[in-house]
Amino acid sequence: MNQKWAVVMCIVGFGAFLRATVSLHSYSGAGKPPMYGDFEAQRHWQEITTNLPVKEWYRNSTDNDLLYWGLDYPPLTAYHSWACGKVAQLIDPAFVQLRTSRGITSDAHKLFMRLSVFLADLLIYLPAVFWGCSAVWKQIRIEKAPASWKILHLLLAMSFPGQILIDNGHFQYNNISLGLTIWAIASLLHDHLFLASLLFTLALNYKQMSLYHALPFFFLLLAKCLPGQRNKIGCGGALKRLLGIGGVVMMTFAILWLPWLGDFEDLQQVVKRIFPFNRGLFEDKVANFWCTFNAIFKFKDAIPKEKMALYCLSTTMASVLPSCIHPFFSPTKRNFLLSLINSSLGFFLFSFQVHEKSILLVTVPVILTFPLDPIVCFWFLNIATFSMMPLLQKDGLYTAFLGLQGIFLLSIRLYHLLGSKSDKSTLDFFHLRQFNQHKKTSWRDTLTIWGFYLSLAGQIALLIGQEFIKAPENLPYLFPYLISAYSGVHFMAFFLYFNLIQLFHK
């Protein structure tokens with residue numbers, strides 16, 4: 001037992017080391033006035049929440065210019081910003097001084113901001129990853145798999161480059177919403193329904209993009225409330241459970257939204273800020289369906305925003321409902337994980353106003369599903385990080401991107417070289433097998449592995465081309481678009497694959 005925890009702590013320490021190292025790099029908007037990027041957005045929210053009354057946090061005013069990084073996330077993000085701002089005031093009031101602190105670039109302030117993300121990793125995200133990985137192994141009952149596979153799963157989950165680069169490099173607090181979501185998934189895998197409902201509601205109230213995962217949670221929780229032999233409860237028990245889950249969700253919402261519930265106009269203003277449909281179909285180069293094919297048909301120019309929003313809504317619902325409803329009729333934990341992948345990936349591909357960073361929402365269930373389909377999941381995590389490369393390069397994180405991607409790609413090979421000699425399973429990616437199979441690599445695995453290497457070769461070719469081939473003057477964003485489109489085609493193929501194995505695999 002002591003040896004097991006020593007190994008776990010080493011892996012967690014390695015994950016923490018990677019995050020601390022990346023935090024030494026540049027960040028979004030460094031030295032780029034007048035807006036300064038996401039780093040300044042997070043700092044500005046601390047400034048607003050600590051200096052203005054709660055009801056003014058989402059309203060335009062002389063002291064709160066919504067055009068300058070106006071708060072556009074749900075209340076739990078605002079409360080977190082307030083807490084960080086209060087600590088900042090204790091350290092140095094200049095960090096969050098109203099109006100005069102805009103664009104502050106002192107080393108002390110950068111250290112404070114970086115430590116605030118690192119602390120969220122240590123307290124929320126990394127423990128959630130450990131508990132989530134453990135829940136998958138215990139609750140889905142992956143049989144005959146050696147202990148070393150669990151170590152490898154945890155190692156890959158802790159060192160996934162995408163989340164590290166965006167939170168500790170680019171600068172955001174995705175680790176809080178993603179961590180809460182992982183805690184919620186693990187709770188549901190352990191059949192702690194009320195706790196799962198609470199944790200996912202908190203995630204949803206930290207970042208509204210957690211809606212990508214909402215439908216699978218809803219349908220599985222609803223399936224758990226049906227009376228009958230499957231749930232071993234009668235009608236009375238089923239109703240009590242349903243009311244309990246609904247009560248937890250509504251009470252959590254009510255507490256978090258309490259300052260705005262007394263005035264419908266205040267409430268409406270918060271909702272408008274959280275769902276800003278006026279921003280358009282997508283921003284920058286996003287590896288989703290609309291951006292990938294926008295070069296063929298100009299969706300943004302040819303279709304008005306209002307109509308496009310409706311088209312996106314209907315397309316998204318049509319694409320995700322089959323996989324989301326499936327756990328209601330077949331409420332297995334495997335189907336739940338796959339439904340989370342298909343729902344979040346469907347939202348990323350087809351919904352309105354998608355950011356390139358939103359792919360992180362898909363990587364959470366993919367990381368947890370890794371033991372069930374390691375080759376495909378590893379491939380997905382690799383391309384997910386690659387899809388964000390134009391954003392990371394713009395933030396001065398190209399070197400960090402290459403380093404973390406290299407570590408992630410080599411991790412399986414390194415693990416094979418350094419792993420236990422008593423473990424007879426082959427841990428070389430060239431012969432990576434399903435966890436629950438003790439036989440020679442199947443033709444499907446061989447084909448998938450070669451597909452991965454062809455995909456990797458394409459990524460390398462695009463990176464080299466970007467460095468050494470000058471884009472035409474009339475196409476200055478050629479390579480960022482090619483990288484996004486290349487990744488987008490992958491994501492569409494993954495979406496088809498994960499739907500097929502969820503809905504048709506016995």
# chains A, B, ... in the order shown; residues from 1 in each chain; ligands from 1
>>> residues_around(residues="Glu56 of chain A", least_positions_apart="4", cutoff="12 Å", atoms="only C-alpha atoms", output="list in words")
Trp45, Ile48, Thr49, Thr50, Asn51, Leu52, Asn60, Ser61, Thr62, Asp63, Asn64, Asp65, Leu66, Gly70, Leu71, Ala78, Pro259, Trp260, Asp266, Leu267, Gln269 and Val270 of chain A
>>> residues_around(residues="Leu199 of chain A", least_positions_apart="6", cutoff="9 Å", atoms="only C-alpha atoms", output="VMD selection string")
chain A and resid 180 to 185 187
>>> residues_around(residues="segment 353-359 of chain A", least_positions_apart="2", cutoff="6 Å", atoms="only C-alpha atoms", output="PyMOL selection string")
chain A and resi 280-282+286+361-362
>>> residues_around(residues="Tyr27 of chain A", least_positions_apart="3", cutoff="10 Å", atoms="only C-alpha atoms", output="list in words")
Val22, Ser23, Leu24, Ala30, Gly31, Tyr36, Gly37, Asp38, Phe39, Glu40, Lys110, Arg114, Leu165, Ile166, Asp167, Asn168, Gly169, His170, Phe171, Gln172, Leu392, Lys394, Asp395, Gly396 and Leu397 of chain A
>>> write_last_selection(atoms="N, CA and C atoms", output="PDB file, in the first residue's frame")
ATOM      1  N   VAL A  22       5.746  25.105 -17.244  1.00  0.00           N
ATOM      2  CA  VAL A  22       5.040  25.837 -18.291  1.00  0.00           C
ATOM      3  C   VAL A  22       4.670  27.238 -17.815  1.00  0.00           C
ATOM      4  N   SER A  23       4.411  27.394 -16.521  1.00  0.00           N
ATOM      5  CA  SER A  23       4.024  28.716 -16.005  1.00  0.00           C
ATOM      6  C   SER A  23       5.156  29.735 -16.098  1.00  0.00           C
ATOM      7  N   LEU A  24       6.372  29.282 -16.368  1.00  0.00           N
ATOM      8  CA  LEU A  24       7.492  30.196 -16.547  1.00  0.00           C
ATOM      9  C   LEU A  24       7.498  30.818 -17.935  1.00  0.00           C
ATOM     10  N   ALA A  30       0.533  38.960 -23.377  1.00  0.00           N
ATOM     11  CA  ALA A  30       1.728  39.548 -22.742  1.00  0.00           C
ATOM     12  C   ALA A  30       2.301  40.659 -23.615  1.00  0.00           C
ATOM     13  N   GLY A  31       2.331  41.883 -23.064  1.00  0.00           N
ATOM     14  CA  GLY A  31       2.893  43.022 -23.781  1.00  0.00           C
ATOM     15  C   GLY A  31       2.105  43.435 -25.004  1.00  0.00           C
ATOM     16  N   TYR A  36      -4.638  43.113 -23.814  1.00  0.00           N
ATOM     17  CA  TYR A  36      -3.700  42.267 -23.079  1.00  0.00           C
ATOM     18  C   TYR A  36      -4.064  40.781 -22.988  1.00  0.00           C
ATOM     19  N   GLY A  37      -5.199  40.344 -23.499  1.00  0.00           N
ATOM     20  CA  GLY A  37      -5.494  38.919 -23.557  1.00  0.00           C
ATOM     21  C   GLY A  37      -6.171  38.346 -22.326  1.00  0.00           C
ATOM     22  N   ASP A  38      -6.273  37.013 -22.299  1.00  0.00           N
ATOM     23  CA  ASP A  38      -7.020  36.322 -21.250  1.00  0.00           C
ATOM     24  C   ASP A  38      -6.412  36.505 -19.863  1.00  0.00           C
ATOM     25  N   PHE A  39      -5.115  36.667 -19.781  1.00  0.00           N
ATOM     26  CA  PHE A  39      -4.478  36.930 -18.484  1.00  0.00           C
ATOM     27  C   PHE A  39      -5.080  38.181 -17.849  1.00  0.00           C
ATOM     28  N   GLU A  40      -5.197  39.238 -18.632  1.00  0.00           N
ATOM     29  CA  GLU A  40      -5.772  40.485 -18.135  1.00  0.00           C
ATOM     30  C   GLU A  40      -7.258  40.329 -17.858  1.00  0.00           C
ATOM     31  N   LYS A 110       2.450  38.707 -11.631  1.00  0.00           N
ATOM     32  CA  LYS A 110       2.485  37.507 -12.461  1.00  0.00           C
ATOM     33  C   LYS A 110       2.668  36.258 -11.599  1.00  0.00           C
ATOM     34  N   ARG A 114      -0.024  33.213 -11.436  1.00  0.00           N
ATOM     35  CA  ARG A 114       0.414  31.857 -11.764  1.00  0.00           C
ATOM     36  C   ARG A 114       0.180  30.906 -10.587  1.00  0.00           C
ATOM     37  N   LEU A 165      -1.114  23.498 -21.012  1.00  0.00           N
ATOM     38  CA  LEU A 165      -0.745  24.639 -21.842  1.00  0.00           C
ATOM     39  C   LEU A 165      -1.765  25.775 -21.773  1.00  0.00           C
ATOM     40  N   ILE A 166      -3.050  25.424 -21.719  1.00  0.00           N
ATOM     41  CA  ILE A 166      -4.074  26.468 -21.685  1.00  0.00           C
ATOM     42  C   ILE A 166      -4.151  27.131 -20.310  1.00  0.00           C
ATOM     43  N   ASP A 167      -4.150  26.347 -19.241  1.00  0.00           N
ATOM     44  CA  ASP A 167      -4.298  26.942 -17.904  1.00  0.00           C
ATOM     45  C   ASP A 167      -2.997  27.553 -17.392  1.00  0.00           C
ATOM     46  N   ASN A 168      -1.910  26.808 -17.476  1.00  0.00           N
ATOM     47  CA  ASN A 168      -0.649  27.275 -16.902  1.00  0.00           C
ATOM     48  C   ASN A 168       0.199  28.062 -17.881  1.00  0.00           C
ATOM     49  N   GLY A 169      -0.165  28.012 -19.180  1.00  0.00           N
ATOM     50  CA  GLY A 169       0.535  28.800 -20.175  1.00  0.00           C
ATOM     51  C   GLY A 169      -0.305  29.972 -20.638  1.00  0.00           C
ATOM     52  N   HIS A 170      -1.277  29.700 -21.486  1.00  0.00           N
ATOM     53  CA  HIS A 170      -2.188  30.722 -22.013  1.00  0.00           C
ATOM     54  C   HIS A 170      -2.813  31.544 -20.892  1.00  0.00           C
ATOM     55  N   PHE A 171      -3.223  30.910 -19.858  1.00  0.00           N
ATOM     56  CA  PHE A 171      -3.781  31.422 -18.607  1.00  0.00           C
ATOM     57  C   PHE A 171      -5.305  31.428 -18.578  1.00  0.00           C
ATOM     58  N   GLN A 172      -5.824  30.398 -17.918  1.00  0.00           N
ATOM     59  CA  GLN A 172      -7.234  30.321 -17.564  1.00  0.00           C
ATOM     60  C   GLN A 172      -7.376  29.418 -16.343  1.00  0.00           C
ATOM     61  N   LEU A 392      -1.651  28.698 -29.243  1.00  0.00           N
ATOM     62  CA  LEU A 392      -0.488  28.579 -28.366  1.00  0.00           C
ATOM     63  C   LEU A 392       0.718  29.294 -28.957  1.00  0.00           C
ATOM     64  N   LYS A 394       0.599  31.889 -30.932  1.00  0.00           N
ATOM     65  CA  LYS A 394       0.326  33.321 -30.791  1.00  0.00           C
ATOM     66  C   LYS A 394       0.669  33.810 -29.388  1.00  0.00           C
ATOM     67  N   ASP A 395       0.544  32.920 -28.395  1.00  0.00           N
ATOM     68  CA  ASP A 395       0.832  33.280 -27.007  1.00  0.00           C
ATOM     69  C   ASP A 395       2.293  33.074 -26.627  1.00  0.00           C
ATOM     70  N   GLY A 396       3.140  32.688 -27.598  1.00  0.00           N
ATOM     71  CA  GLY A 396       4.546  32.462 -27.291  1.00  0.00           C
ATOM     72  C   GLY A 396       4.813  31.144 -26.598  1.00  0.00           C
ATOM     73  N   LEU A 397       3.943  30.152 -26.832  1.00  0.00           N
ATOM     74  CA  LEU A 397       4.052  28.852 -26.154  1.00  0.00           C
ATOM     75  C   LEU A 397       4.442  27.730 -27.108  1.00  0.00           C
TER      76      LEU A 397
END
>>> closest_atom_pairs(of="segment 243-354 of chain A", to="segment 464-478 of chain A", cutoff="12 Å", atoms="only C-alpha atoms", output="Markdown table")
| residue | atom | partner | partner_atom | distance |
| --- | --- | --- | --- | --- |
| A:Asp284 | CA | A:Tyr477 | CA | 9.9 |
| A:Lys285 | CA | A:Tyr477 | CA | 9.0 |
| A:Ala295 | CA | A:Leu478 | CA | 10.8 |
>>> closest_residue(among="A:Ser339, A:Ser148, A:Thr105, A:Ser330", to="Lys4 of chain A", atoms="only C-alpha atoms")
A:Ser148
>>> residues_around(residues="Ile164 of chain A", least_positions_apart="6", cutoff="12 Å", atoms="only C-alpha atoms", output="NGL selection string")
:A and (15-23 or 25 or 117-118 or 121 or 125-126 or 157-158 or 170-175 or 357 or 360 or 385 or 392 or 397 or 400-401 or 403-405 or 408)
>>> write_last_selection(atoms="C-alpha atoms", output="compact mmCIF listing (two decimals), in the first residue's frame")
# COMPACT_ATOMS: atom_id res chain seq x y z
CA GLY A 15 2.27 16.53 -13.30
CA ALA A 16 2.78 19.45 -10.91
CA PHE A 17 6.36 19.89 -12.15
CA LEU A 18 5.20 20.15 -15.77
CA ARG A 19 2.63 22.77 -14.80
CA ALA A 20 5.14 24.82 -12.82
CA THR A 21 7.60 24.68 -15.73
CA VAL A 22 5.04 25.84 -18.29
CA SER A 23 4.02 28.72 -16.01
CA HIS A 25 6.61 30.80 -20.21
CA VAL A 117 -3.83 28.55 -11.12
CA PHE A 118 -1.24 26.16 -9.69
CA ASP A 121 -4.50 22.35 -9.94
CA TYR A 125 -7.87 19.19 -10.79
CA LEU A 126 -5.08 16.73 -9.93
CA ALA A 157 -3.93 11.79 -17.48
CA MET A 158 -1.68 13.93 -15.28
CA HIS A 170 -2.19 30.72 -22.01
CA PHE A 171 -3.78 31.42 -18.61
CA GLN A 172 -7.23 30.32 -17.56
CA TYR A 173 -8.92 28.42 -14.74
CA ASN A 174 -10.35 25.53 -16.73
CA ASN A 175 -8.87 23.27 -14.07
CA LYS A 357 -10.09 25.88 -26.11
CA LEU A 360 -10.72 20.51 -23.46
CA THR A 385 -3.52 19.56 -28.29
CA LEU A 392 -0.49 28.58 -28.37
CA LEU A 397 4.05 28.85 -26.15
CA ALA A 400 6.33 24.55 -24.50
CA PHE A 401 3.89 22.93 -26.97
CA GLY A 403 8.19 19.91 -25.33
CA LEU A 404 4.96 18.69 -23.73
CA GLN A 405 3.79 16.97 -26.90
CA PHE A 408 3.35 12.86 -24.00
>>> residues_around(residues="Phe370 of chain A", least_positions_apart="4", cutoff="10 Å", atoms="only C-alpha atoms", output="list of chain:residue names")
A:Cys133, A:Val136, A:His153, A:Leu154, A:Leu156, A:Ala157, A:Pro365, A:Val366, A:Pro374, A:Ile375, A:Val376, A:Cys377, A:Phe378, A:Leu381, A:Gln434, A:Phe435
>>> write_last_selection(atoms="all heavy atoms", output="short mmCIF file (atom, residue, chain, number, x, y, z; two decimals), in the first residue's frame")
data_model
loop_
_atom_site.label_atom_id
_atom_site.label_comp_id
_atom_site.auth_asym_id
_atom_site.auth_seq_id
_atom_site.Cartn_x
_atom_site.Cartn_y
_atom_site.Cartn_z
N CYS A 133 -9.74 8.47 -12.52
CA CYS A 133 -9.08 7.28 -13.08
C CYS A 133 -9.35 6.06 -12.21
O CYS A 133 -9.62 4.97 -12.73
CB CYS A 133 -7.58 7.53 -13.22
SG CYS A 133 -7.13 8.75 -14.47
N VAL A 136 -12.90 4.68 -12.73
CA VAL A 136 -13.07 3.92 -13.97
C VAL A 136 -12.59 2.49 -13.78
O VAL A 136 -13.27 1.53 -14.16
CB VAL A 136 -12.30 4.60 -15.13
CG1 VAL A 136 -12.25 3.70 -16.35
CG2 VAL A 136 -12.96 5.93 -15.48
N HIS A 153 -2.10 4.86 -17.16
CA HIS A 153 -3.30 5.67 -17.33
C HIS A 153 -3.20 6.97 -16.52
O HIS A 153 -3.45 8.07 -17.03
CB HIS A 153 -4.53 4.86 -16.89
CG HIS A 153 -5.83 5.57 -17.08
ND1 HIS A 153 -6.97 5.23 -16.36
CD2 HIS A 153 -6.19 6.61 -17.88
CE1 HIS A 153 -7.95 6.02 -16.75
NE2 HIS A 153 -7.51 6.86 -17.64
N LEU A 154 -2.81 6.84 -15.27
CA LEU A 154 -2.68 8.02 -14.41
C LEU A 154 -1.59 8.95 -14.90
O LEU A 154 -1.75 10.18 -14.90
CB LEU A 154 -2.40 7.58 -12.97
CG LEU A 154 -2.39 8.69 -11.91
CD1 LEU A 154 -3.75 9.37 -11.83
CD2 LEU A 154 -2.00 8.12 -10.55
N LEU A 156 -0.52 9.39 -18.02
CA LEU A 156 -0.98 10.10 -19.21
C LEU A 156 -2.02 11.16 -18.84
O LEU A 156 -2.03 12.25 -19.42
CB LEU A 156 -1.56 9.12 -20.22
CG LEU A 156 -0.57 8.12 -20.83
CD1 LEU A 156 -1.30 7.12 -21.72
CD2 LEU A 156 0.50 8.84 -21.63
N ALA A 157 -2.90 10.83 -17.89
CA ALA A 157 -3.93 11.79 -17.48
C ALA A 157 -3.32 13.02 -16.82
O ALA A 157 -3.76 14.15 -17.05
CB ALA A 157 -4.92 11.11 -16.53
N PRO A 365 -13.74 13.31 -20.70
CA PRO A 365 -14.21 11.92 -20.77
C PRO A 365 -13.30 11.02 -21.59
O PRO A 365 -13.24 9.81 -21.33
CB PRO A 365 -15.60 12.04 -21.43
CG PRO A 365 -15.59 13.35 -22.13
CD PRO A 365 -14.70 14.24 -21.32
N VAL A 366 -12.56 11.58 -22.56
CA VAL A 366 -11.62 10.76 -23.33
C VAL A 366 -10.50 10.25 -22.41
O VAL A 366 -10.11 9.08 -22.49
CB VAL A 366 -11.04 11.55 -24.52
CG1 VAL A 366 -9.90 10.78 -25.18
CG2 VAL A 366 -12.12 11.84 -25.54
N PRO A 374 -7.46 2.41 -25.60
CA PRO A 374 -6.27 3.24 -25.39
C PRO A 374 -5.68 3.84 -26.66
O PRO A 374 -5.22 4.98 -26.64
CB PRO A 374 -5.27 2.28 -24.73
CG PRO A 374 -5.75 0.93 -25.07
CD PRO A 374 -7.24 1.02 -25.16
N ILE A 375 -5.69 3.10 -27.76
CA ILE A 375 -5.06 3.60 -28.97
C ILE A 375 -5.80 4.83 -29.49
O ILE A 375 -5.20 5.88 -29.75
CB ILE A 375 -5.01 2.52 -30.06
CG1 ILE A 375 -4.29 1.27 -29.54
CG2 ILE A 375 -4.31 3.04 -31.31
CD1 ILE A 375 -4.40 0.07 -30.46
N VAL A 376 -7.11 4.71 -29.64
CA VAL A 376 -7.92 5.81 -30.18
C VAL A 376 -7.92 7.00 -29.22
O VAL A 376 -7.81 8.16 -29.65
CB VAL A 376 -9.35 5.33 -30.47
CG1 VAL A 376 -10.23 6.50 -30.89
CG2 VAL A 376 -9.34 4.27 -31.56
N CYS A 377 -8.03 6.74 -27.92
CA CYS A 377 -8.06 7.84 -26.95
C CYS A 377 -6.72 8.59 -26.93
O CYS A 377 -6.69 9.82 -26.85
CB CYS A 377 -8.41 7.31 -25.56
SG CYS A 377 -10.12 6.77 -25.40
N PHE A 378 -5.62 7.84 -26.99
CA PHE A 378 -4.30 8.49 -27.04
C PHE A 378 -4.19 9.36 -28.28
O PHE A 378 -3.70 10.49 -28.22
CB PHE A 378 -3.21 7.42 -27.02
CG PHE A 378 -1.82 7.96 -26.88
CD1 PHE A 378 -1.27 8.16 -25.63
CD2 PHE A 378 -1.06 8.27 -27.99
CE1 PHE A 378 0.02 8.66 -25.48
CE2 PHE A 378 0.22 8.78 -27.87
CZ PHE A 378 0.77 8.97 -26.61
N LEU A 381 -6.27 12.60 -27.84
CA LEU A 381 -5.64 13.57 -26.96
C LEU A 381 -4.49 14.28 -27.66
O LEU A 381 -4.25 15.47 -27.46
CB LEU A 381 -5.15 12.88 -25.68
CG LEU A 381 -6.26 12.31 -24.78
CD1 LEU A 381 -5.66 11.50 -23.64
CD2 LEU A 381 -7.15 13.42 -24.24
N GLN A 434 -5.66 -3.49 -26.24
CA GLN A 434 -6.74 -3.16 -25.32
C GLN A 434 -6.40 -3.73 -23.94
O GLN A 434 -5.77 -4.78 -23.82
CB GLN A 434 -8.07 -3.77 -25.81
CG GLN A 434 -8.47 -3.36 -27.22
CD GLN A 434 -8.77 -1.87 -27.31
OE1 GLN A 434 -8.73 -1.19 -26.33
NE2 GLN A 434 -9.05 -1.40 -28.51
N PHE A 435 -6.82 -3.04 -22.89
CA PHE A 435 -6.47 -3.44 -21.53
C PHE A 435 -6.99 -4.82 -21.18
O PHE A 435 -6.38 -5.54 -20.42
CB PHE A 435 -7.05 -2.42 -20.54
CG PHE A 435 -6.25 -1.18 -20.44
CD1 PHE A 435 -6.36 -0.18 -21.38
CD2 PHE A 435 -5.36 -1.00 -19.40
CE1 PHE A 435 -5.63 0.97 -21.30
CE2 PHE A 435 -4.62 0.16 -19.30
CZ PHE A 435 -4.75 1.15 -20.25
#
>>> closest_residue(among="A:Ala384, A:Ala457, A:Val96, A:Ile341", to="Gln163 of chain A", atoms="only C-alpha atoms")
A:Ala384
>>> select_by_dssp(residues="segment 309-465 of chain A", states="helix (DSSP H, G or I)", output="NGL selection string")
:A and (309-329 or 333-350 or 356-372 or 374-387 or 389-394 or 398-418 or 429-431 or 443-465)
>>> closest_residue(among="A:Tyr311, A:Phe160, A:Trp257, A:Phe297", to="Phe386 of chain A", atoms="only C-alpha atoms")
A:Phe160
>>> closest_residue(among="A:Cys10, A:Ser101, A:His326, A:Gln46", to="Tyr79 of chain A", atoms="only C-alpha atoms")
A:Gln46
>>> closest_residue(among="A:Tyr497, A:Trp131, A:Tyr481, A:Tyr486", to="Asn294 of chain A", atoms="only C-alpha atoms")
A:Tyr481
>>> residues_around(residues="Pro327 of chain A", least_positions_apart="5", cutoff="7 Å", atoms="only C-alpha atoms", output="mmCIF file with all heavy atoms, in the first residue's frame")
data_model
loop_
_atom_site.group_PDB
_atom_site.id
_atom_site.type_symbol
_atom_site.label_atom_id
_atom_site.label_comp_id
_atom_site.auth_asym_id
_atom_site.auth_seq_id
_atom_site.Cartn_x
_atom_site.Cartn_y
_atom_site.Cartn_z
ATOM 1 N N PHE A 219 -29.832 12.328 -18.551
ATOM 2 C CA PHE A 219 -30.499 11.081 -18.917
ATOM 3 C C PHE A 219 -30.073 9.912 -18.036
ATOM 4 O O PHE A 219 -30.892 9.045 -17.719
ATOM 5 C CB PHE A 219 -30.253 10.761 -20.394
ATOM 6 C CG PHE A 219 -31.106 11.577 -21.329
ATOM 7 C CD1 PHE A 219 -30.550 12.567 -22.125
ATOM 8 C CD2 PHE A 219 -32.478 11.376 -21.393
ATOM 9 C CE1 PHE A 219 -31.331 13.337 -22.977
ATOM 10 C CE2 PHE A 219 -33.280 12.138 -22.239
ATOM 11 C CZ PHE A 219 -32.704 13.115 -23.035
ATOM 12 N N LEU A 220 -28.803 9.882 -17.622
ATOM 13 C CA LEU A 220 -28.403 8.792 -16.733
ATOM 14 C C LEU A 220 -29.020 8.962 -15.351
ATOM 15 O O LEU A 220 -29.502 7.986 -14.754
ATOM 16 C CB LEU A 220 -26.881 8.716 -16.623
ATOM 17 C CG LEU A 220 -26.375 7.526 -15.789
ATOM 18 C CD1 LEU A 220 -26.782 6.205 -16.433
ATOM 19 C CD2 LEU A 220 -24.869 7.564 -15.606
ATOM 20 N N THR A 332 -25.445 1.800 -18.602
ATOM 21 C CA THR A 332 -24.176 1.258 -18.134
ATOM 22 C C THR A 332 -23.170 2.390 -17.984
ATOM 23 O O THR A 332 -23.296 3.446 -18.617
ATOM 24 C CB THR A 332 -23.627 0.217 -19.115
ATOM 25 O OG1 THR A 332 -23.283 0.871 -20.345
ATOM 26 C CG2 THR A 332 -24.654 -0.881 -19.396
ATOM 27 N N ASN A 335 -21.429 3.170 -21.282
ATOM 28 C CA ASN A 335 -22.241 4.003 -22.175
ATOM 29 C C ASN A 335 -22.266 5.451 -21.708
ATOM 30 O O ASN A 335 -22.311 6.380 -22.533
ATOM 31 C CB ASN A 335 -23.661 3.453 -22.261
ATOM 32 C CG ASN A 335 -23.743 2.194 -23.094
ATOM 33 O OD1 ASN A 335 -22.847 1.904 -23.886
ATOM 34 N ND2 ASN A 335 -24.814 1.432 -22.918
ATOM 35 N N PHE A 336 -22.244 5.651 -20.407
ATOM 36 C CA PHE A 336 -22.236 7.020 -19.878
ATOM 37 C C PHE A 336 -20.968 7.753 -20.290
ATOM 38 O O PHE A 336 -21.024 8.900 -20.761
ATOM 39 C CB PHE A 336 -22.367 6.977 -18.358
ATOM 40 C CG PHE A 336 -22.190 8.313 -17.682
ATOM 41 C CD1 PHE A 336 -23.010 9.381 -17.990
ATOM 42 C CD2 PHE A 336 -21.186 8.491 -16.732
ATOM 43 C CE1 PHE A 336 -22.841 10.621 -17.369
ATOM 44 C CE2 PHE A 336 -21.018 9.714 -16.103
ATOM 45 C CZ PHE A 336 -21.840 10.781 -16.426
#
>>> closest_residue(among="A:Phe200, A:Trp149, A:Phe277, A:Tyr453", to="Ser351 of chain A", atoms="only C-alpha atoms")
A:Phe277
